[in-house]
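Participant: Dropping in protein_13.cif, which is mmCIF, C-alpha atoms:
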data_model
loop_
_atom_site.group_PDB
_atom_site.id
_atom_site.type_symbol
_atom_site.label_atom_id
_atom_site.label_comp_id
_atom_site.auth_asym_id
_atom_site.auth_seq_id
_atom_site.Cartn_x
_atom_site.Cartn_y
_atom_site.Cartn_z
ATOM 1 C CA MET A 140 -34.647 40.832 -15.066
ATOM 2 C CA THR A 141 -36.431 38.870 -12.333
ATOM 3 C CA SER A 142 -37.916 36.365 -14.772
ATOM 4 C CA ARG A 143 -34.469 35.736 -16.236
ATOM 5 C CA THR A 144 -33.049 35.130 -12.739
ATOM 6 C CA GLU A 145 -35.925 32.788 -11.918
ATOM 7 C CA GLU A 146 -35.346 30.888 -15.172
ATOM 8 C CA SER A 147 -31.653 30.544 -14.312
ATOM 9 C CA LYS A 148 -32.480 29.244 -10.854
ATOM 10 C CA LYS A 149 -34.926 26.700 -12.296
ATOM 11 C CA LEU A 150 -32.311 25.552 -14.797
ATOM 12 C CA ILE A 151 -29.697 25.184 -12.053
ATOM 13 C CA ARG A 152 -32.146 23.209 -9.876
ATOM 14 C CA ALA A 153 -32.960 20.911 -12.792
ATOM 15 C CA GLU A 154 -29.245 20.373 -13.507
ATOM 16 C CA ASN A 155 -28.609 19.682 -9.821
ATOM 17 C CA ALA A 156 -31.478 17.181 -9.729
ATOM 18 C CA ASP A 157 -30.057 15.403 -12.790
ATOM 19 C CA PHE A 158 -26.627 15.368 -11.186
ATOM 20 C CA ARG A 159 -28.007 13.939 -7.920
ATOM 21 C CA ARG A 160 -29.897 11.209 -9.802
ATOM 22 C CA GLU A 161 -26.754 10.261 -11.716
ATOM 23 C CA LEU A 162 -24.704 10.306 -8.520
ATOM 24 C CA ILE A 163 -27.180 8.007 -6.760
ATOM 25 C CA ARG A 164 -27.308 5.737 -9.829
ATOM 26 C CA LEU A 165 -23.546 5.269 -9.513
ATOM 27 C CA MET A 166 -23.259 5.420 -5.732
ATOM 28 C CA ILE A 167 -25.706 2.668 -4.755
ATOM 29 C CA PRO A 168 -24.130 -0.122 -6.863
ATOM 30 C CA ILE A 169 -20.613 0.896 -5.831
ATOM 31 C CA ALA A 170 -21.647 0.904 -2.162
ATOM 32 C CA PHE A 171 -23.224 -2.537 -2.688
ATOM 33 C CA GLN A 172 -19.950 -3.785 -4.189
ATOM 34 C CA SER A 173 -18.093 -2.573 -1.117
ATOM 35 C CA LEU A 174 -20.610 -4.385 1.055
ATOM 36 C CA LEU A 175 -20.042 -7.601 -0.928
ATOM 37 C CA GLU A 176 -16.270 -7.258 -0.453
ATOM 38 C CA THR A 177 -16.847 -6.864 3.288
ATOM 39 C CA VAL A 178 -19.055 -9.966 3.279
ATOM 40 C CA ALA A 179 -16.311 -11.919 1.488
ATOM 41 C CA HIS A 180 -13.705 -10.795 4.045
ATOM 42 C CA ASN A 181 -16.035 -11.747 6.898
ATOM 43 C CA VAL A 182 -16.626 -15.177 5.387
ATOM 44 C CA ASP A 183 -12.845 -15.588 5.216
ATOM 45 C CA ALA A 184 -12.570 -14.625 8.893
ATOM 46 C CA ILE A 185 -15.322 -17.076 9.858
ATOM 47 C CA MET A 186 -13.636 -19.867 7.916
ATOM 48 C CA LEU A 187 -10.344 -19.119 9.688
ATOM 49 C CA GLY A 188 -12.108 -19.833 12.952
ATOM 50 C CA PHE A 189 -12.340 -23.489 11.905
ATOM 51 C CA LEU A 190 -8.576 -23.842 11.433
ATOM 52 C CA ASP A 191 -6.012 -25.019 13.943
ATOM 53 C CA ALA A 192 -3.605 -22.552 15.569
ATOM 54 C CA ASN A 193 -0.726 -23.238 13.149
ATOM 55 C CA SER A 194 -2.935 -22.671 10.117
ATOM 56 C CA MET A 195 -4.323 -19.453 11.570
ATOM 57 C CA SER A 196 -0.805 -18.219 12.324
ATOM 58 C CA ALA A 197 0.342 -19.155 8.821
ATOM 59 C CA VAL A 198 -2.524 -17.236 7.231
ATOM 60 C CA SER A 199 -1.776 -14.237 9.412
ATOM 61 C CA LEU A 200 1.950 -14.282 8.579
ATOM 62 C CA MET A 201 1.507 -14.828 4.862
ATOM 63 C CA ALA A 202 -1.259 -12.217 4.642
ATOM 64 C CA ASN A 203 1.486 -9.683 5.331
ATOM 65 C CA PHE A 204 3.366 -10.914 2.274
ATOM 66 C CA ALA A 205 0.205 -11.175 0.166
ATOM 67 C CA GLN A 206 -0.439 -7.501 0.851
ATOM 68 C CA ILE A 207 2.533 -6.576 -1.376
ATOM 69 C CA PRO A 208 1.045 -7.638 -4.747
ATOM 70 C CA SER A 209 -2.354 -6.450 -3.556
ATOM 71 C CA SER A 210 -0.913 -2.982 -2.966
ATOM 72 C CA VAL A 211 0.657 -3.012 -6.424
ATOM 73 C CA MET A 212 -2.741 -3.891 -7.958
ATOM 74 C CA THR A 213 -4.361 -1.094 -5.964
ATOM 75 C CA GLY A 214 -1.869 1.339 -7.486
ATOM 76 C CA VAL A 215 -2.451 -0.055 -10.977
ATOM 77 C CA SER A 216 -6.211 0.229 -10.483
ATOM 78 C CA ALA A 217 -5.953 3.820 -9.243
ATOM 79 C CA ALA A 218 -3.765 4.828 -12.195
ATOM 80 C CA THR A 219 -6.149 3.082 -14.596
ATOM 81 C CA THR A 220 -9.117 4.887 -13.100
ATOM 82 C CA PHE A 221 -7.320 8.215 -13.437
ATOM 83 C CA LEU A 222 -6.326 7.654 -17.080
ATOM 84 C CA ILE A 223 -9.642 6.166 -18.186
ATOM 85 C CA SER A 224 -11.644 8.956 -16.547
ATOM 86 C CA GLN A 225 -9.628 11.580 -18.449
ATOM 87 C CA TYR A 226 -10.203 9.958 -21.822
ATOM 88 C CA TRP A 227 -13.774 8.958 -21.022
ATOM 89 C CA GLY A 228 -14.543 12.579 -20.160
ATOM 90 C CA ALA A 229 -12.977 13.648 -23.451
ATOM 91 C CA LYS A 230 -15.152 11.027 -25.207
ATOM 92 C CA ASN A 231 -12.071 9.271 -26.577
ATOM 93 C CA ILE A 232 -13.388 5.711 -26.368
ATOM 94 C CA GLU A 233 -10.612 4.243 -28.498
ATOM 95 C CA LYS A 234 -7.959 5.573 -26.107
ATOM 96 C CA CYS A 235 -9.937 4.076 -23.192
ATOM 97 C CA ARG A 236 -9.854 0.692 -24.931
ATOM 98 C CA GLN A 237 -6.123 0.990 -25.597
ATOM 99 C CA ILE A 238 -5.403 1.894 -21.982
ATOM 100 C CA SER A 239 -7.618 -0.930 -20.682
ATOM 101 C CA SER A 240 -5.941 -3.464 -22.933
ATOM 102 C CA PHE A 241 -2.443 -2.284 -22.041
ATOM 103 C CA VAL A 242 -3.117 -2.180 -18.304
ATOM 104 C CA ILE A 243 -4.688 -5.659 -18.238
ATOM 105 C CA LYS A 244 -1.624 -7.059 -20.059
ATOM 106 C CA LEU A 245 0.739 -5.174 -17.754
ATOM 107 C CA ALA A 246 -1.131 -6.210 -14.600
ATOM 108 C CA VAL A 247 -1.310 -9.864 -15.667
ATOM 109 C CA GLY A 248 2.420 -9.764 -16.479
ATOM 110 C CA VAL A 249 3.297 -8.263 -13.101
ATOM 111 C CA SER A 250 1.007 -10.761 -11.380
ATOM 112 C CA CYS A 251 2.629 -13.663 -13.224
ATOM 113 C CA VAL A 252 6.016 -12.458 -11.978
ATOM 114 C CA PHE A 253 4.669 -12.267 -8.397
ATOM 115 C CA THR A 254 3.137 -15.736 -8.769
ATOM 116 C CA ALA A 255 6.310 -17.281 -10.195
ATOM 117 C CA LEU A 256 8.606 -15.636 -7.647
ATOM 118 C CA THR A 257 6.322 -16.681 -4.812
ATOM 119 C CA LEU A 258 6.219 -20.289 -5.974
ATOM 120 C CA ILE A 259 9.948 -20.463 -6.708
ATOM 121 C CA PHE A 260 11.147 -18.659 -3.581
ATOM 122 C CA SER A 261 8.419 -19.684 -1.149
ATOM 123 C CA LYS A 262 10.896 -21.179 1.351
ATOM 124 C CA SER A 263 12.919 -17.959 1.421
ATOM 125 C CA ILE A 264 9.774 -15.885 1.815
ATOM 126 C CA ILE A 265 8.565 -18.090 4.651
ATOM 127 C CA ALA A 266 11.988 -18.002 6.345
ATOM 128 C CA PHE A 267 11.724 -14.230 6.424
ATOM 129 C CA TYR A 268 8.581 -14.544 8.567
ATOM 130 C CA THR A 269 9.197 -17.651 10.700
ATOM 131 C CA ASP A 270 11.703 -20.393 11.502
ATOM 132 C CA ILE A 271 9.258 -22.749 13.238
ATOM 133 C CA PRO A 272 9.085 -25.975 11.133
ATOM 134 C CA ALA A 273 5.422 -26.817 11.804
ATOM 135 C CA LEU A 274 4.388 -23.270 11.028
ATOM 136 C CA SER A 275 6.569 -23.216 7.908
ATOM 137 C CA GLU A 276 4.649 -26.189 6.492
ATOM 138 C CA SER A 277 1.321 -24.413 7.013
ATOM 139 C CA CYS A 278 2.775 -21.231 5.502
ATOM 140 C CA ALA A 279 3.937 -23.152 2.420
ATOM 141 C CA LEU A 280 0.475 -24.597 1.852
ATOM 142 C CA TYR A 281 -1.183 -21.203 2.194
ATOM 143 C CA LEU A 282 1.440 -19.468 0.057
ATOM 144 C CA ARG A 283 0.945 -21.914 -2.827
ATOM 145 C CA PHE A 284 -2.786 -21.187 -2.799
ATOM 146 C CA VAL A 285 -2.353 -17.418 -2.479
ATOM 147 C CA ALA A 286 0.238 -17.308 -5.268
ATOM 148 C CA ILE A 287 -2.430 -18.461 -7.718
ATOM 149 C CA THR A 288 -4.737 -15.657 -6.628
ATOM 150 C CA PHE A 289 -2.020 -13.146 -7.563
ATOM 151 C CA PHE A 290 -2.573 -14.152 -11.173
ATOM 152 C CA ILE A 291 -6.377 -14.012 -10.934
ATOM 153 C CA THR A 292 -6.585 -10.607 -9.227
ATOM 154 C CA PRO A 293 -5.873 -8.351 -12.246
ATOM 155 C CA LEU A 294 -8.353 -10.298 -14.358
ATOM 156 C CA TYR A 295 -11.183 -8.818 -12.312
ATOM 157 C CA ARG A 296 -9.698 -5.725 -10.675
ATOM 158 C CA VAL A 297 -8.712 -3.843 -13.813
ATOM 159 C CA PRO A 298 -11.985 -4.448 -15.702
ATOM 160 C CA TYR A 299 -13.822 -3.660 -12.464
ATOM 161 C CA CYS A 300 -12.284 -0.194 -12.207
ATOM 162 C CA VAL A 301 -12.787 0.437 -15.943
ATOM 163 C CA MET A 302 -16.488 -0.442 -15.636
ATOM 164 C CA ARG A 303 -16.893 1.812 -12.611
ATOM 165 C CA THR A 304 -15.096 4.691 -14.302
ATOM 166 C CA THR A 305 -17.203 4.436 -17.442
ATOM 167 C CA GLY A 306 -20.492 4.244 -15.556
ATOM 168 C CA ARG A 307 -21.125 0.542 -16.129
ATOM 169 C CA VAL A 308 -21.716 -0.105 -12.462
ATOM 170 C CA ASN A 309 -24.469 -2.691 -12.907
ATOM 171 C CA ARG A 310 -22.161 -5.054 -14.760
ATOM 172 C CA SER A 311 -19.441 -4.582 -12.144
ATOM 173 C CA VAL A 312 -22.015 -5.401 -9.433
ATOM 174 C CA LEU A 313 -22.756 -8.666 -11.247
ATOM 175 C CA TYR A 314 -19.042 -9.510 -11.204
ATOM 176 C CA ALA A 315 -18.853 -8.579 -7.515
ATOM 177 C CA VAL A 316 -21.750 -10.942 -6.744
ATOM 178 C CA ILE A 317 -20.064 -13.745 -8.709
ATOM 179 C CA GLY A 318 -16.780 -13.056 -6.895
ATOM 180 C CA CYS A 319 -18.432 -13.086 -3.479
ATOM 181 C CA ILE A 320 -20.287 -16.335 -4.189
ATOM 182 C CA SER A 321 -17.084 -17.906 -5.574
ATOM 183 C CA ASN A 322 -15.205 -16.875 -2.458
ATOM 184 C CA VAL A 323 -17.814 -18.488 -0.201
ATOM 185 C CA ILE A 324 -17.832 -21.708 -2.270
ATOM 186 C CA LEU A 325 -14.016 -21.926 -2.475
ATOM 187 C CA ASN A 326 -13.702 -21.385 1.269
#
Take the structure in the file and write it out as structure tokens.

Facilitator:
Amino acid sequence: MTSRTEESKKLIRAENADFRRELIRLMIPIAFQSLLETVAHNVDAIMLGFLDANSMSAVSLMANFAQIPSSVMTGVSAATTFLISQYWGAKNIEKCRQISSFVIKLAVGVSCVFTALTLIFSKSIIAFYTDIPALSESCALYLRFVAITFFITPLYRVPYCVMRTTGRVNRSVLYAVIGCISNVILN
């Protein structure tokens, strides 16, 4: 009886060790990705320090608006992660591919709508936030640039969450590095 209990304990320890290794294998790249996102946000903040007061105010005002499509993409990403993880766990790779394909198309479609509406109704959007003419001009410039990023966002965010969910964290780290470097260069 004791030897059987000892064997069970050894098996549980071995399974726990395997689990911890797998957890660390996933955790370190994901933590690094988060660090890269923080670096990108800090670079943005540093670059803002070089702008005049109107430009800084415009960025601040329009960032509130830009948060709307970003929040929608966060919801899409969370739902994608949930669905993919279910089918990935069930080893239904084909369903994972179908979901990924559908969600990318849906997210790009929604982002195109946000982009188009932002470009078409930019004056109305700006008027909601400010009525100062000089500030409105800076807001319009920023909004035109940000509207384009609405379209780009799902092209990396959805595949990013699919890669994380399916354990392909190294590839998603590569994309995070490319995104961070692109952000620094484009700033």

Participant: So that I can see what lies close to Tyr226 of chain A, please list as an MDAnalysis selection string the residues with an atom at most 12 Å from it, counting all atoms listed in the file and leaving out residues fewer than 5 positions away in the same chain.

Facilitator: chainID A and resid 219:221 231:239 301 304:305

Participant: I need the residue nearest Cys251 of chain A from this list: A:Met201, A:Ile271, A:Phe289, A:Ser147. Use all atoms listed in the file for the distance.

Facilitator: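 Once distances to Cys251 of chain A are computed over all atoms listed in the file, the minimum belongs to A:Phe289.
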
Participant: I need the residue nearest Ser275 of chain A from this list: A:Gly214, A:Ala179, A:Ser196, A:Leu294. Use only C-alpha atoms for the distance.

Facilitator: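 Ranking A:Gly214, A:Ala179, A:Ser196, A:Leu294 by distance to Ser275 of chain A, first place goes to A:Ser196.
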
Participant: Restricting the calculation to all atoms listed in the file: of A:Ser277, A:Ser216, A:Ser311, A:Asn155, which residue gets closest to Val198 of chain A?

Facilitator: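 The closest residue to Val198 of chain A is A:Ser277.
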
Participant: With distances taken over all atoms listed in the file, which of A:Met166, A:Ala197, A:Met186, A:Ala156 is nearest to Arg283 of chain A?

Facilitator: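 Of the candidates, the smallest distance to Arg283 of chain A is held by A:Ala197.
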
Participant: One number please: atom CA of Leu200 of chain A to atom CA of Phe267 of chain A, in Å, one decimal.

Facilitator: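 Result for atom CA of Leu200 of chain A versus atom CA of Phe267 of chain A: 10.0 Å, one decimal.
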
Participant: Compile the contact shell of Phe171 of chain A as a VMD selection string: residues with an atom at most 12 Å away, counting all atoms listed in the file, same-chain residues fewer than 6 positions apart removed.

Facilitator: chain A and resid 163 to 165 177 to 178 308 to 309 311 to 316 319

Participant: Take the residues from that selection and put them in a file with C-alpha atoms, as a PDB file, in the frame of the given file.

Facilitator:
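result_13.pdb, freshly written:
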ATOM      1  CA  ILE A 163     -27.180   8.007  -6.760  1.00  0.00           C
ATOM      2  CA  ARG A 164     -27.308   5.737  -9.829  1.00  0.00           C
ATOM      3  CA  LEU A 165     -23.546   5.269  -9.513  1.00  0.00           C
ATOM      4  CA  THR A 177     -16.847  -6.864   3.288  1.00  0.00           C
ATOM      5  CA  VAL A 178     -19.055  -9.966   3.279  1.00  0.00           C
ATOM      6  CA  VAL A 308     -21.716  -0.105 -12.462  1.00  0.00           C
ATOM      7  CA  ASN A 309     -24.469  -2.691 -12.907  1.00  0.00           C
ATOM      8  CA  SER A 311     -19.441  -4.582 -12.144  1.00  0.00           C
ATOM      9  CA  VAL A 312     -22.015  -5.401  -9.433  1.00  0.00           C
ATOM     10  CA  LEU A 313     -22.756  -8.666 -11.247  1.00  0.00           C
ATOM     11  CA  TYR A 314     -19.042  -9.510 -11.204  1.00  0.00           C
ATOM     12  CA  ALA A 315     -18.853  -8.579  -7.515  1.00  0.00           C
ATOM     13  CA  VAL A 316     -21.750 -10.942  -6.744  1.00  0.00           C
ATOM     14  CA  CYS A 319     -18.432 -13.086  -3.479  1.00  0.00           C
TER      15      CYS A 319
END

Participant: Using only C-alpha atoms, which residue out of A:Ile151, A:Val247, A:Ala192, A:Ala170 lies closest to Pro298 of chain A?

Facilitator: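 Going through A:Ile151, A:Val247, A:Ala192, A:Ala170 one by one, the smallest distance to Pro298 of chain A is for A:Val247.
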
Participant: Name the residues that the PyMOL selection byres ((chain A and resi 246) around 9) picks from the file above, as number ranges by chain, using the file's chain letters and numbers.

Facilitator: A: 211-212, 215, 241-245, 247-251, 290, 292-294, 297

Participant: Quote the spacing between atom CA of Cys300 of chain A and atom CA of Ala217 of chain A in Å to one decimal place.

Facilitator: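 Atom CA of Ala217 of chain A lies 8.1 Å from atom CA of Cys300 of chain A.
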
Participant: Closest to Asp191 of chain A among A:Phe253, A:Ala273, A:Trp227, A:Phe158, using all atoms listed in the file?

Facilitator: A:Ala273

Participant: For atom CA of Glu176 of chain A and atom CA of Ile207 of chain A, determine how far apart the two atoms are, in Å to one decimal place.

Facilitator: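 These atoms are spaced 18.8 Å apart.
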
Participant: Pick out the residues sitting within 10 Å of Glu276 of chain A, and hand them over as a PDB file with C-alpha atoms, in the frame of the given file; count only C-alpha atoms, and ignore anything fewer than 2 positions along from it in its own chain.

Facilitator:
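Here's the written file out.pdb:
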ATOM      1  CA  ASN A 193      -0.726 -23.238  13.149  1.00  0.00           C
ATOM      2  CA  SER A 194      -2.935 -22.671  10.117  1.00  0.00           C
ATOM      3  CA  ALA A 197       0.342 -19.155   8.821  1.00  0.00           C
ATOM      4  CA  LYS A 262      10.896 -21.179   1.351  1.00  0.00           C
ATOM      5  CA  ILE A 265       8.565 -18.090   4.651  1.00  0.00           C
ATOM      6  CA  ILE A 271       9.258 -22.749  13.238  1.00  0.00           C
ATOM      7  CA  PRO A 272       9.085 -25.975  11.133  1.00  0.00           C
ATOM      8  CA  ALA A 273       5.422 -26.817  11.804  1.00  0.00           C
ATOM      9  CA  LEU A 274       4.388 -23.270  11.028  1.00  0.00           C
ATOM     10  CA  CYS A 278       2.775 -21.231   5.502  1.00  0.00           C
ATOM     11  CA  ALA A 279       3.937 -23.152   2.420  1.00  0.00           C
ATOM     12  CA  LEU A 280       0.475 -24.597   1.852  1.00  0.00           C
ATOM     13  CA  TYR A 281      -1.183 -21.203   2.194  1.00  0.00           C
ATOM     14  CA  LEU A 282       1.440 -19.468   0.057  1.00  0.00           C
TER      15      LEU A 282
END

Participant: When you get a chance, write out N, CA, C and O atoms for segment 223-237 of chain A, as a CSV table (one decimal), keeping the file's coordinate frame.

Facilitator:
chain,number,residue,atom,x,y,z
A,223,ILE,N,-8.4,6.4,-17.5
A,223,ILE,CA,-9.6,6.2,-18.2
A,223,ILE,C,-10.6,7.3,-18.0
A,223,ILE,O,-11.3,7.7,-19.0
A,224,SER,N,-10.7,7.9,-16.8
A,224,SER,CA,-11.6,9.0,-16.5
A,224,SER,C,-11.3,10.2,-17.4
A,224,SER,O,-12.2,10.9,-17.9
A,225,GLN,N,-10.0,10.4,-17.6
A,225,GLN,CA,-9.6,11.6,-18.4
A,225,GLN,C,-10.1,11.4,-19.9
A,225,GLN,O,-10.7,12.3,-20.5
A,226,TYR,N,-9.8,10.2,-20.4
A,226,TYR,CA,-10.2,10.0,-21.8
A,226,TYR,C,-11.7,9.7,-22.0
A,226,TYR,O,-12.3,10.1,-23.0
A,227,TRP,N,-12.3,9.2,-21.0
A,227,TRP,CA,-13.8,9.0,-21.0
A,227,TRP,C,-14.5,10.3,-21.0
A,227,TRP,O,-15.4,10.5,-21.8
A,228,GLY,N,-14.0,11.2,-20.2
A,228,GLY,CA,-14.5,12.6,-20.2
A,228,GLY,C,-14.4,13.3,-21.5
A,228,GLY,O,-15.2,14.1,-21.9
A,229,ALA,N,-13.3,13.0,-22.2
A,229,ALA,CA,-13.0,13.6,-23.5
A,229,ALA,C,-13.7,12.9,-24.6
A,229,ALA,O,-13.5,13.2,-25.8
A,230,LYS,N,-14.4,11.8,-24.2
A,230,LYS,CA,-15.2,11.0,-25.2
A,230,LYS,C,-14.2,10.3,-26.2
A,230,LYS,O,-14.6,10.0,-27.3
A,231,ASN,N,-13.0,10.0,-25.7
A,231,ASN,CA,-12.1,9.3,-26.6
A,231,ASN,C,-12.1,7.8,-26.2
A,231,ASN,O,-11.3,7.3,-25.5
A,232,ILE,N,-13.1,7.1,-26.7
A,232,ILE,CA,-13.4,5.7,-26.4
A,232,ILE,C,-12.2,4.8,-26.8
A,232,ILE,O,-11.9,3.9,-26.1
A,233,GLU,N,-11.7,5.1,-28.0
A,233,GLU,CA,-10.6,4.2,-28.5
A,233,GLU,C,-9.4,4.3,-27.6
A,233,GLU,O,-8.8,3.3,-27.3
A,234,LYS,N,-9.1,5.5,-27.1
A,234,LYS,CA,-8.0,5.6,-26.1
A,234,LYS,C,-8.3,4.8,-24.8
A,234,LYS,O,-7.4,4.2,-24.2
A,235,CYS,N,-9.5,4.8,-24.4
A,235,CYS,CA,-9.9,4.1,-23.2
A,235,CYS,C,-9.7,2.6,-23.4
A,235,CYS,O,-9.2,1.9,-22.5
A,236,ARG,N,-10.1,2.1,-24.6
A,236,ARG,CA,-9.9,0.7,-24.9
A,236,ARG,C,-8.4,0.3,-24.9
A,236,ARG,O,-8.0,-0.7,-24.5
A,237,GLN,N,-7.6,1.2,-25.5
A,237,GLN,CA,-6.1,1.0,-25.6
A,237,GLN,C,-5.5,0.9,-24.2
A,237,GLN,O,-4.7,0.0,-23.9
